[in-house]
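Colleague: Sending over protein04.cif (mmCIF, C-alpha atoms).
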```
data_run
#
loop_
_atom_site.group_PDB
_atom_site.id
_atom_site.type_symbol
_atom_site.label_atom_id
_atom_site.label_comp_id
_atom_site.auth_asym_id
_atom_site.auth_seq_id
_atom_site.Cartn_x
_atom_site.Cartn_y
_atom_site.Cartn_z
ATOM 1 C CA MET O 1 6.664 48.419 14.913
ATOM 2 C CA ASP O 2 7.159 50.919 12.017
ATOM 3 C CA GLU O 3 7.442 50.127 8.337
ATOM 4 C CA GLU O 4 11.260 50.314 8.231
ATOM 5 C CA SER O 5 11.755 47.865 11.084
ATOM 6 C CA MET O 6 9.318 45.449 9.487
ATOM 7 C CA GLU O 7 11.191 45.645 6.193
ATOM 8 C CA GLU O 8 14.485 45.023 7.981
ATOM 9 C CA GLU O 9 12.986 41.963 9.651
ATOM 10 C CA GLY O 10 11.920 40.556 6.306
ATOM 11 C CA GLY O 11 14.978 41.772 4.358
ATOM 12 C CA GLY O 12 18.586 40.690 4.308
ATOM 13 C CA GLY O 13 20.400 38.491 1.886
ATOM 14 C CA GLY O 14 17.202 37.162 0.319
ATOM 15 C CA GLU O 15 13.455 37.212 0.700
ATOM 16 C CA PRO O 16 12.389 34.640 3.333
ATOM 17 C CA MET O 17 9.981 31.969 2.214
ATOM 18 C CA MET O 18 6.813 30.812 3.940
ATOM 19 C CA ASP O 19 4.789 27.637 3.481
ATOM 20 C CA ASP O 20 1.056 27.991 3.039
ATOM 21 C CA GLN O 21 -1.410 25.190 3.774
ATOM 22 C CA ASN O 22 -0.862 23.765 0.290
ATOM 23 C CA HIS O 23 2.894 23.588 0.982
ATOM 24 C CA ASN O 24 3.588 26.189 -1.707
ATOM 25 C CA ASN O 25 6.386 28.675 -0.972
ATOM 26 C CA TRP O 26 5.092 32.211 -0.545
ATOM 27 C CA GLY O 27 7.248 35.316 -0.566
ATOM 28 C CA ALA O 28 7.215 37.198 2.720
ATOM 29 C CA GLY O 29 6.454 40.606 1.290
ATOM 30 C CA GLY O 30 7.218 42.831 4.272
ATOM 31 C CA TYR O 31 4.323 45.088 5.189
ATOM 32 C CA GLY O 32 2.076 43.605 2.537
ATOM 33 C CA ARG O 33 2.062 40.153 4.158
ATOM 34 C CA HIS O 34 0.435 41.666 7.267
ATOM 35 C CA LEU O 35 -2.286 43.363 5.239
ATOM 36 C CA LEU O 36 -2.954 40.166 3.285
ATOM 37 C CA GLY O 37 -4.363 38.587 6.461
ATOM 38 C CA SER O 38 -7.185 36.130 5.972
ATOM 39 C CA ALA O 39 -7.042 36.442 2.193
ATOM 40 C CA ALA O 40 -3.842 34.368 2.176
ATOM 41 C CA GLY O 41 -5.538 31.669 4.215
ATOM 42 C CA GLN O 42 -8.422 31.662 1.739
ATOM 43 C CA LEU O 43 -5.963 31.132 -1.101
ATOM 44 C CA GLY O 44 -4.294 28.302 0.833
ATOM 45 C CA ASP O 45 -7.564 26.364 1.069
ATOM 46 C CA ARG O 46 -8.752 27.187 -2.459
ATOM 47 C CA PHE O 47 -8.397 23.773 -4.073
ATOM 48 C CA LEU O 48 -9.818 21.670 -1.234
ATOM 49 C CA ARG O 49 -12.910 23.862 -0.983
ATOM 50 C CA GLU O 50 -13.333 23.734 -4.746
ATOM 51 C CA ALA O 51 -13.196 19.921 -4.657
ATOM 52 C CA ALA O 52 -15.615 19.675 -1.744
ATOM 53 C CA THR O 53 -18.160 22.365 -2.676
ATOM 54 C CA GLY O 54 -17.726 22.972 -6.389
ATOM 55 C CA THR O 55 -16.616 26.596 -5.881
ATOM 56 C CA PRO O 56 -15.343 27.904 -9.228
ATOM 57 C CA ALA O 57 -11.587 28.332 -9.530
ATOM 58 C CA GLY O 58 -10.403 31.859 -8.936
ATOM 59 C CA THR O 59 -13.128 32.850 -6.455
ATOM 60 C CA GLU O 60 -10.631 33.346 -3.662
ATOM 61 C CA LEU O 61 -8.356 35.361 -5.922
ATOM 62 C CA SER O 62 -11.215 37.733 -6.634
ATOM 63 C CA GLU O 63 -11.960 38.024 -2.937
ATOM 64 C CA ALA O 64 -8.325 38.802 -2.165
ATOM 65 C CA ASN O 65 -8.034 41.422 -4.867
ATOM 66 C CA GLY O 66 -11.399 42.830 -3.801
ATOM 67 C CA MET O 67 -9.722 44.212 -0.712
ATOM 68 C CA LEU O 68 -8.016 46.787 -2.953
ATOM 69 C CA GLN O 69 -10.792 47.730 -5.354
ATOM 70 C CA GLY O 70 -11.591 51.450 -5.340
ATOM 71 C CA CYS O 71 -8.371 52.238 -3.507
ATOM 72 C CA GLU O 72 -6.421 55.020 -5.187
ATOM 73 C CA PRO O 73 -3.241 56.741 -3.980
ATOM 74 C CA GLY O 74 -4.113 59.439 -1.496
ATOM 75 C CA GLY O 75 -7.839 58.714 -1.760
ATOM 76 C CA ALA O 76 -10.077 59.130 1.251
ATOM 77 C CA SER O 77 -11.217 55.539 1.029
ATOM 78 C CA CYS O 78 -7.649 54.241 0.930
ATOM 79 C CA LYS O 79 -6.352 54.393 4.474
ATOM 80 C CA GLY O 80 -2.598 54.242 4.597
ATOM 81 C CA GLY O 81 -1.981 55.814 1.167
ATOM 82 C CA ALA O 82 1.318 54.507 -0.203
ATOM 83 C CA GLY O 83 1.276 51.625 2.292
ATOM 84 C CA ALA O 84 -1.890 50.217 0.707
ATOM 85 C CA ILE O 85 -0.317 50.484 -2.746
ATOM 86 C CA ALA O 86 2.647 48.480 -1.446
ATOM 87 C CA ALA O 87 0.198 45.941 -0.073
ATOM 88 C CA ALA O 88 -1.429 45.649 -3.500
ATOM 89 C CA ILE O 89 1.934 44.958 -5.102
ATOM 90 C CA ASN O 90 2.788 42.328 -2.493
ATOM 91 C CA ILE O 91 -0.607 40.607 -2.814
ATOM 92 C CA ASN O 92 -0.246 40.401 -6.577
ATOM 93 C CA ALA O 93 3.312 39.086 -6.216
ATOM 94 C CA SER O 94 2.206 36.422 -3.764
ATOM 95 C CA THR O 95 -0.733 35.453 -5.965
ATOM 96 C CA SER O 96 1.513 35.135 -9.003
ATOM 97 C CA LYS O 97 3.976 32.977 -7.089
ATOM 98 C CA PHE O 98 1.107 30.773 -5.886
ATOM 99 C CA LEU O 99 -0.193 30.276 -9.421
ATOM 100 C CA MET O 100 3.312 29.551 -10.708
ATOM 101 C CA ASN O 101 3.485 26.610 -8.268
ATOM 102 C CA VAL O 102 0.648 24.766 -9.998
ATOM 103 C CA ILE O 103 1.481 21.082 -10.462
ATOM 104 C CA THR O 104 1.067 20.190 -14.125
ATOM 105 C CA ILE O 105 0.309 16.677 -15.325
ATOM 106 C CA GLU O 106 3.940 16.434 -16.428
ATOM 107 C CA ASP O 107 5.067 17.382 -12.922
ATOM 108 C CA TYR O 108 2.753 14.765 -11.485
ATOM 109 C CA LYS O 109 4.080 12.010 -13.753
ATOM 110 C CA SER O 110 7.767 12.882 -13.419
ATOM 111 C CA THR O 111 8.006 13.942 -9.765
ATOM 112 C CA TYR O 112 5.019 13.074 -7.594
ATOM 113 C CA TRP O 113 3.785 9.694 -8.809
ATOM 114 C CA PRO O 114 7.286 8.101 -8.837
ATOM 115 C CA LYS O 115 7.561 8.864 -5.098
ATOM 116 C CA LEU O 116 4.159 7.314 -4.451
ATOM 117 C CA ASP O 117 4.933 4.330 -6.692
ATOM 118 C CA SER O 118 8.122 3.527 -4.787
ATOM 119 C CA ALA O 119 6.428 3.810 -1.391
ATOM 120 C CA ILE O 120 3.536 1.562 -2.458
ATOM 121 C CA ASP O 121 6.017 -1.038 -3.695
ATOM 122 C CA GLN O 122 7.690 -1.176 -0.309
ATOM 123 C CA LEU O 123 4.415 -1.346 1.590
ATOM 124 C CA LEU O 124 3.043 -4.173 -0.569
ATOM 125 C CA THR O 125 6.141 -6.329 -0.165
ATOM 126 C CA GLN O 126 7.025 -5.726 3.473
ATOM 127 C CA SER O 127 6.982 -8.564 5.966
ATOM 128 C CA PRO O 128 5.514 -8.163 9.455
ATOM 129 C CA GLY O 129 7.971 -6.293 11.647
ATOM 130 C CA ASP O 130 10.035 -4.963 8.726
ATOM 131 C CA TYR O 131 11.351 -1.403 8.891
ATOM 132 C CA ILE O 132 10.229 0.593 5.870
ATOM 133 C CA PRO O 133 12.651 3.453 5.075
ATOM 134 C CA ILE O 134 10.048 5.873 3.723
ATOM 135 C CA SER O 135 8.777 9.197 5.013
ATOM 136 C CA TYR O 136 5.074 8.854 5.679
ATOM 137 C CA GLU O 137 4.866 12.629 6.071
ATOM 138 C CA GLN O 138 6.397 13.135 2.621
ATOM 139 C CA ILE O 139 4.031 10.641 0.972
ATOM 140 C CA TYR O 140 1.029 12.115 2.747
ATOM 141 C CA SER O 141 2.111 15.581 1.551
ATOM 142 C CA CYS O 142 2.485 14.361 -2.054
ATOM 143 C CA VAL O 143 -1.047 12.961 -2.029
ATOM 144 C CA TYR O 144 -2.394 16.140 -0.450
ATOM 145 C CA LYS O 145 -0.766 18.388 -3.059
ATOM 146 C CA CYS O 146 -1.977 16.256 -5.962
ATOM 147 C CA VAL O 147 -5.546 16.309 -4.639
ATOM 148 C CA CYS O 148 -5.389 20.089 -4.195
ATOM 149 C CA GLN O 149 -4.125 20.447 -7.774
ATOM 150 C CA GLN O 150 -6.924 18.336 -9.252
ATOM 151 C CA HIS O 151 -4.944 15.169 -10.045
ATOM 152 C CA SER O 152 -7.127 12.833 -7.976
ATOM 153 C CA GLU O 153 -8.584 10.960 -10.938
ATOM 154 C CA GLN O 154 -5.177 10.226 -12.446
ATOM 155 C CA MET O 155 -3.733 9.280 -9.070
ATOM 156 C CA TYR O 156 -6.601 6.886 -8.330
ATOM 157 C CA SER O 157 -6.192 5.264 -11.750
ATOM 158 C CA ASP O 158 -2.452 4.855 -11.224
ATOM 159 C CA LEU O 159 -2.964 3.385 -7.747
ATOM 160 C CA ILE O 160 -5.472 0.794 -8.955
ATOM 161 C CA LYS O 161 -3.246 -0.170 -11.886
ATOM 162 C CA LYS O 162 -0.200 -0.448 -9.626
ATOM 163 C CA ILE O 163 -1.895 -2.729 -7.088
ATOM 164 C CA THR O 164 -3.602 -4.807 -9.789
ATOM 165 C CA ASN O 165 -0.240 -5.576 -11.413
ATOM 166 C CA HIS O 166 1.177 -6.556 -8.018
ATOM 167 C CA LEU O 167 -1.734 -8.903 -7.276
ATOM 168 C CA GLU O 168 -1.452 -10.572 -10.659
ATOM 169 C CA ARG O 169 2.178 -11.406 -9.885
ATOM 170 C CA VAL O 170 1.133 -12.765 -6.485
ATOM 171 C CA SER O 171 -1.479 -14.971 -8.153
ATOM 172 C CA LYS O 172 1.056 -16.410 -10.585
ATOM 173 C CA GLU O 173 3.439 -17.226 -7.736
ATOM 174 C CA LEU O 174 0.653 -19.059 -5.917
ATOM 175 C CA GLN O 175 -0.180 -21.077 -9.013
ATOM 176 C CA ALA O 176 3.399 -22.340 -9.086
ATOM 177 C CA SER O 177 3.319 -23.431 -5.423
ATOM 178 C CA PRO O 178 3.341 -27.175 -4.572
ATOM 179 C CA PRO O 179 0.312 -28.462 -2.630
ATOM 180 C CA ASP O 180 2.208 -28.850 0.632
ATOM 181 C CA LEU O 181 3.143 -25.134 0.584
ATOM 182 C CA TYR O 182 0.006 -23.788 -1.047
ATOM 183 C CA ILE O 183 -2.001 -23.032 2.115
ATOM 184 C CA GLU O 184 0.877 -21.370 3.920
ATOM 185 C CA ARG O 185 1.795 -19.199 0.933
ATOM 186 C CA PHE O 186 -1.803 -18.123 0.447
ATOM 187 C CA ASN O 187 -1.902 -17.169 4.114
ATOM 188 C CA VAL O 188 1.270 -15.085 3.733
ATOM 189 C CA ALA O 189 -0.066 -13.332 0.632
ATOM 190 C CA LEU O 190 -3.378 -12.542 2.306
ATOM 191 C CA GLY O 191 -1.797 -11.299 5.537
ATOM 192 C CA GLN O 192 0.821 -9.232 3.736
ATOM 193 C CA TYR O 193 -1.776 -7.500 1.580
ATOM 194 C CA MET O 194 -4.175 -6.757 4.417
ATOM 195 C CA GLY O 195 -1.257 -5.396 6.432
ATOM 196 C CA ALA O 196 -0.240 -3.118 3.556
ATOM 197 C CA LEU O 197 -3.764 -1.686 3.362
ATOM 198 C CA GLN O 198 -3.416 -0.469 6.942
ATOM 199 C CA SER O 199 -0.765 1.962 5.689
ATOM 200 C CA ILE O 200 -1.896 2.637 2.114
ATOM 201 C CA VAL O 201 -5.474 3.643 2.932
ATOM 202 C CA PRO O 202 -4.508 6.312 5.521
ATOM 203 C CA LEU O 203 -1.823 7.742 3.221
ATOM 204 C CA PHE O 204 -4.450 8.313 0.521
ATOM 205 C CA ILE O 205 -7.090 9.651 2.899
ATOM 206 C CA TYR O 206 -7.409 12.983 1.059
ATOM 207 C CA MET O 207 -7.986 11.269 -2.274
ATOM 208 C CA ASN O 208 -10.545 9.009 -0.611
ATOM 209 C CA LYS O 209 -12.316 11.956 1.008
ATOM 210 C CA PHE O 210 -12.440 14.378 -1.908
ATOM 211 C CA TYR O 211 -12.612 12.041 -4.903
ATOM 212 C CA ILE O 212 -13.592 8.433 -4.203
ATOM 213 C CA GLU O 213 -16.275 9.143 -1.614
ATOM 214 C CA THR O 214 -17.660 12.329 -3.145
ATOM 215 C CA LYS O 215 -17.445 11.566 -6.879
ATOM 216 C CA LEU O 216 -17.426 7.766 -7.088
ATOM 217 C CA ASN O 217 -19.570 7.117 -4.001
ATOM 218 C CA ARG O 218 -17.230 4.343 -2.905
ATOM 219 C CA ASP O 219 -14.511 3.753 -0.325
ATOM 220 C CA LEU O 220 -10.820 3.166 -1.053
ATOM 221 C CA ARG O 221 -10.443 0.262 1.369
ATOM 222 C CA ASP O 222 -13.446 -1.522 -0.139
ATOM 223 C CA ASP O 223 -12.039 -1.018 -3.647
ATOM 224 C CA LEU O 224 -8.631 -2.427 -2.689
ATOM 225 C CA ILE O 225 -10.132 -5.459 -0.918
ATOM 226 C CA LYS O 226 -12.192 -6.102 -4.030
ATOM 227 C CA LEU O 227 -8.985 -6.141 -6.086
ATOM 228 C CA PHE O 228 -7.548 -8.968 -3.966
ATOM 229 C CA THR O 229 -10.818 -10.868 -4.238
ATOM 230 C CA GLU O 230 -10.921 -10.612 -8.019
ATOM 231 C CA HIS O 231 -7.254 -11.096 -8.879
ATOM 232 C CA VAL O 232 -6.174 -13.612 -6.236
ATOM 233 C CA ALA O 233 -8.893 -15.221 -4.112
ATOM 234 C CA GLU O 234 -11.376 -15.966 -6.892
ATOM 235 C CA LYS O 235 -8.661 -17.574 -8.992
ATOM 236 C CA HIS O 236 -7.532 -19.875 -6.172
ATOM 237 C CA ILE O 237 -10.606 -20.618 -4.078
ATOM 238 C CA TYR O 238 -11.392 -23.909 -5.864
ATOM 239 C CA ASN O 239 -7.839 -25.156 -5.354
ATOM 240 C CA LEU O 240 -7.580 -23.798 -1.823
ATOM 241 C CA MET O 241 -10.834 -25.098 -0.354
ATOM 242 C CA PRO O 242 -10.166 -28.865 -0.889
ATOM 243 C CA LEU O 243 -6.740 -28.425 0.728
ATOM 244 C CA LEU O 244 -8.317 -26.645 3.706
ATOM 245 C CA LEU O 245 -10.882 -29.420 4.138
ATOM 246 C CA GLU O 246 -8.156 -32.048 3.940
ATOM 247 C CA ALA O 247 -6.093 -30.162 6.496
ATOM 248 C CA GLN O 248 -9.113 -29.931 8.758
ATOM 249 C CA SER O 249 -9.570 -33.701 8.705
ATOM 250 C CA THR O 250 -5.891 -34.194 9.576
ATOM 251 C CA PRO O 251 -5.274 -32.435 12.880
ATOM 252 C CA PHE O 252 -2.177 -30.232 13.090
ATOM 253 C CA GLN O 253 -1.316 -30.540 9.412
ATOM 254 C CA ILE O 254 -1.298 -26.727 9.512
ATOM 255 C CA THR O 255 -1.277 -24.495 12.552
ATOM 256 C CA PRO O 256 -4.652 -23.424 13.985
ATOM 257 C CA SER O 257 -3.683 -19.761 13.561
ATOM 258 C CA THR O 258 -3.046 -20.257 9.831
ATOM 259 C CA MET O 259 -6.398 -21.977 9.372
ATOM 260 C CA ALA O 260 -8.169 -19.243 11.346
ATOM 261 C CA ASN O 261 -6.497 -16.430 9.382
ATOM 262 C CA ILE O 262 -7.429 -17.913 6.020
ATOM 263 C CA VAL O 263 -11.023 -18.785 6.912
ATOM 264 C CA LYS O 264 -11.690 -15.381 8.456
ATOM 265 C CA GLY O 265 -9.985 -13.699 5.520
ATOM 266 C CA LEU O 266 -12.084 -15.565 2.968
ATOM 267 C CA TYR O 267 -15.224 -14.641 4.873
ATOM 268 C CA THR O 268 -14.182 -10.969 4.806
ATOM 269 C CA LEU O 269 -13.530 -11.097 1.066
ATOM 270 C CA ARG O 270 -16.753 -12.869 0.141
ATOM 271 C CA PRO O 271 -19.202 -14.078 2.832
ATOM 272 C CA GLU O 272 -21.084 -16.331 0.399
ATOM 273 C CA TRP O 273 -18.073 -18.644 0.238
ATOM 274 C CA VAL O 274 -19.361 -20.024 3.528
ATOM 275 C CA GLN O 275 -21.685 -22.226 1.484
ATOM 276 C CA MET O 276 -18.693 -24.126 0.094
ATOM 277 C CA ALA O 277 -17.767 -25.494 3.537
ATOM 278 C CA PRO O 278 -20.223 -24.447 6.264
ATOM 279 C CA ALA O 279 -18.751 -26.768 8.909
ATOM 280 C CA LEU O 280 -15.244 -25.394 8.353
ATOM 281 C CA PHE O 281 -16.316 -21.760 8.514
ATOM 282 C CA SER O 282 -18.475 -22.378 11.579
ATOM 283 C CA LYS O 283 -15.367 -23.274 13.589
ATOM 284 C CA PHE O 284 -14.047 -19.730 13.211
ATOM 285 C CA ILE O 285 -17.056 -17.540 12.353
ATOM 286 C CA PRO O 286 -19.892 -17.388 14.913
ATOM 287 C CA ASN O 287 -23.545 -17.957 13.994
ATOM 288 C CA ILE O 288 -22.764 -19.456 10.590
ATOM 289 C CA LEU O 289 -24.742 -22.679 11.132
ATOM 290 C CA PRO O 290 -28.421 -22.752 12.091
ATOM 291 C CA PRO O 291 -29.210 -23.215 15.811
ATOM 292 C CA ALA O 292 -28.837 -26.730 17.224
ATOM 293 C CA VAL O 293 -31.966 -28.842 17.446
ATOM 294 C CA GLU O 294 -32.708 -31.672 19.841
ATOM 295 C CA SER O 295 -33.153 -34.249 17.118
ATOM 296 C CA GLU O 296 -29.477 -33.853 16.066
ATOM 297 C CA LEU O 297 -27.903 -34.225 19.511
ATOM 298 C CA GLN O 298 -26.755 -37.783 18.754
ATOM 299 C CA GLU O 299 -24.984 -36.552 15.631
ATOM 300 C CA TYR O 300 -23.205 -33.820 17.595
ATOM 301 C CA ALA O 301 -22.064 -36.389 20.170
ATOM 302 C CA ALA O 302 -20.720 -38.642 17.400
ATOM 303 C CA GLN O 303 -18.712 -35.737 15.978
ATOM 304 C CA ASP O 304 -17.201 -35.026 19.392
ATOM 305 C CA GLN O 305 -16.243 -38.688 19.829
ATOM 306 C CA LYS O 306 -14.566 -38.727 16.449
ATOM 307 C CA LEU O 307 -12.544 -35.623 17.327
ATOM 308 C CA GLN O 308 -11.428 -37.115 20.619
ATOM 309 C CA ARG O 309 -10.292 -40.340 18.925
ATOM 310 C CA GLU O 310 -8.248 -38.334 16.418
ATOM 311 C CA LEU O 311 -6.612 -36.378 19.226
ATOM 312 C CA MET O 312 -5.742 -39.586 21.073
ATOM 313 C CA GLN O 313 -4.224 -41.081 17.926
ATOM 314 C CA ASN O 314 -1.935 -38.048 17.715
ATOM 315 C CA GLY O 315 -0.668 -38.464 21.271
ATOM 316 C CA PHE O 316 -3.127 -36.261 23.158
ATOM 317 C CA THR O 317 -4.276 -38.920 25.634
ATOM 318 C CA SER O 318 -4.142 -37.050 28.936
ATOM 319 C CA GLU O 319 -7.477 -35.919 30.355
ATOM 320 C CA LEU O 320 -9.365 -37.180 27.290
ATOM 321 C CA ARG O 321 -12.300 -39.503 27.729
ATOM 322 C CA ILE O 322 -14.519 -41.008 25.062
ATOM 323 C CA LEU O 323 -18.126 -40.019 25.733
#
```
Could you spell out this file's structure in structure tokens?

Modeller:
Amino acid sequence: MDEESMEEEGGGGGEPMMDDQNHNNWGAGGYGRHLLGSAAGQLGDRFLREAATGTPAGTELSEANGMLQGCEPGGASCKGGAGAIAAAININASTSKFLMNVITIEDYKSTYWPKLDSAIDQLLTQSPGDYIPISYEQIYSCVYKCVCQQHSEQMYSDLIKKITNHLERVSKELQASPPDLYIERFNVALGQYMGALQSIVPLFIYMNKFYIETKLNRDLRDDLIKLFTEHVAEKHIYNLMPLLLEAQSTPFQITPSTMANIVKGLYTLRPEWVQMAPALFSKFIPNILPPAVESELQEYAAQDQKLQRELMQNGFTSELRIL
């Protein structure tokens, strides 16, 4: 294909646009785009490699321009003559357009974070089975661009602040709950939050990979679970535990699934809470209590008899026999 046909392919009513790996629009500069080759790919990955390896900014630009150093019109070392000069112009044009697409902190605050803020709101408040009208691809792309443009620290700070404010509202709502609804509402809050993390953590995977893990030596999921522990669970554990123990002594006051979800959730948040009610936790978490010993067999039998009597009192008489 000659130079004229290539220009016709890229010409027309306007210069066609191409997306690089950073989702920045690049001008398709006719013949020059073919000579750019791997240098364009190097520019596309510039920010991620800088974040991961500490490569100084601008290294890839130097490498790209290095392709043209020592190349003069008509020179023996410049194969293609005028074609190489055209390539130089196109490379510089593409580089300038790339640099003009830098996301400033103002752009981040006015355009990118508002999209993330809205999506996080919906994820934190969704109920199981709800349809969330957000584009996961768009949110993922926003996070990716902000990481590439060195806004990870600000984005992490905004995310933590956003979720902290949400959890503080959840805690206040729980404090206003009557005792008969307290356990169920805590279970809803815990399940809703853990469900939201299943979407939030993957959406921020680039920030986790290139900022939280590498610079903070932590993990995003662990940080967000810690937020729920500090702002909700710790504030309610001493009100919640007596209600759980009371519910345990009154069969079917709450559903077994609700009890299991809460106990397992509390153990995930802070394993040492087992010491507050070892017998309760042992019903749902294996190997919590020490191994059984022969000297306590009579006590175990007495506990079984008590449970059977309670079941019979609540109408479960078929196939039950007192030991």

Colleague: Evaluating the PyMOL selection byres ((chain O and resi 114-128) around 9) on the displayed file yields which residues, as an NGL selection string?

Modeller: :O and (108-113 or 129-136 or 138-139 or 142-143 or 158-159 or 162-163 or 166 or 188 or 191-193 or 195-197 or 199-200)

Colleague: Taking every listed atom of range 251-260 of chain O and adding 4 Å to each side, what centre and edge lengths in Å (one decimal) does the axis-aligned box have, as lines of an AutoDock Vina configuration file?

Modeller:
```
center_x = -4.7
center_y = -25.8
center_z = 11.7
size_x = 14.9
size_y = 21.2
size_z = 12.6
```

Colleague: Just to confirm, what's the straight-line distance from CA of Ser282 in chain O to CA of Ser177 in chain O in Å (one decimal)?

Modeller: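 Separation between CA of Ser282 in chain O and CA of Ser177 in chain O: 27.7 Å.
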
Colleague: For CA of Leu240 in chain O and CA of Gln305 in chain O, determine how far apart the two atoms are, in Å to one decimal place.

Modeller: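 So the answer is 27.7 Å.
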
Colleague: Just so the selection is clear, what residues does the PyMOL selection byres ((chain O and resi 164) around 10) cover here, as a ChimeraX atom specification?

Modeller: /O:158-163,165-170,224,227-228,230-232
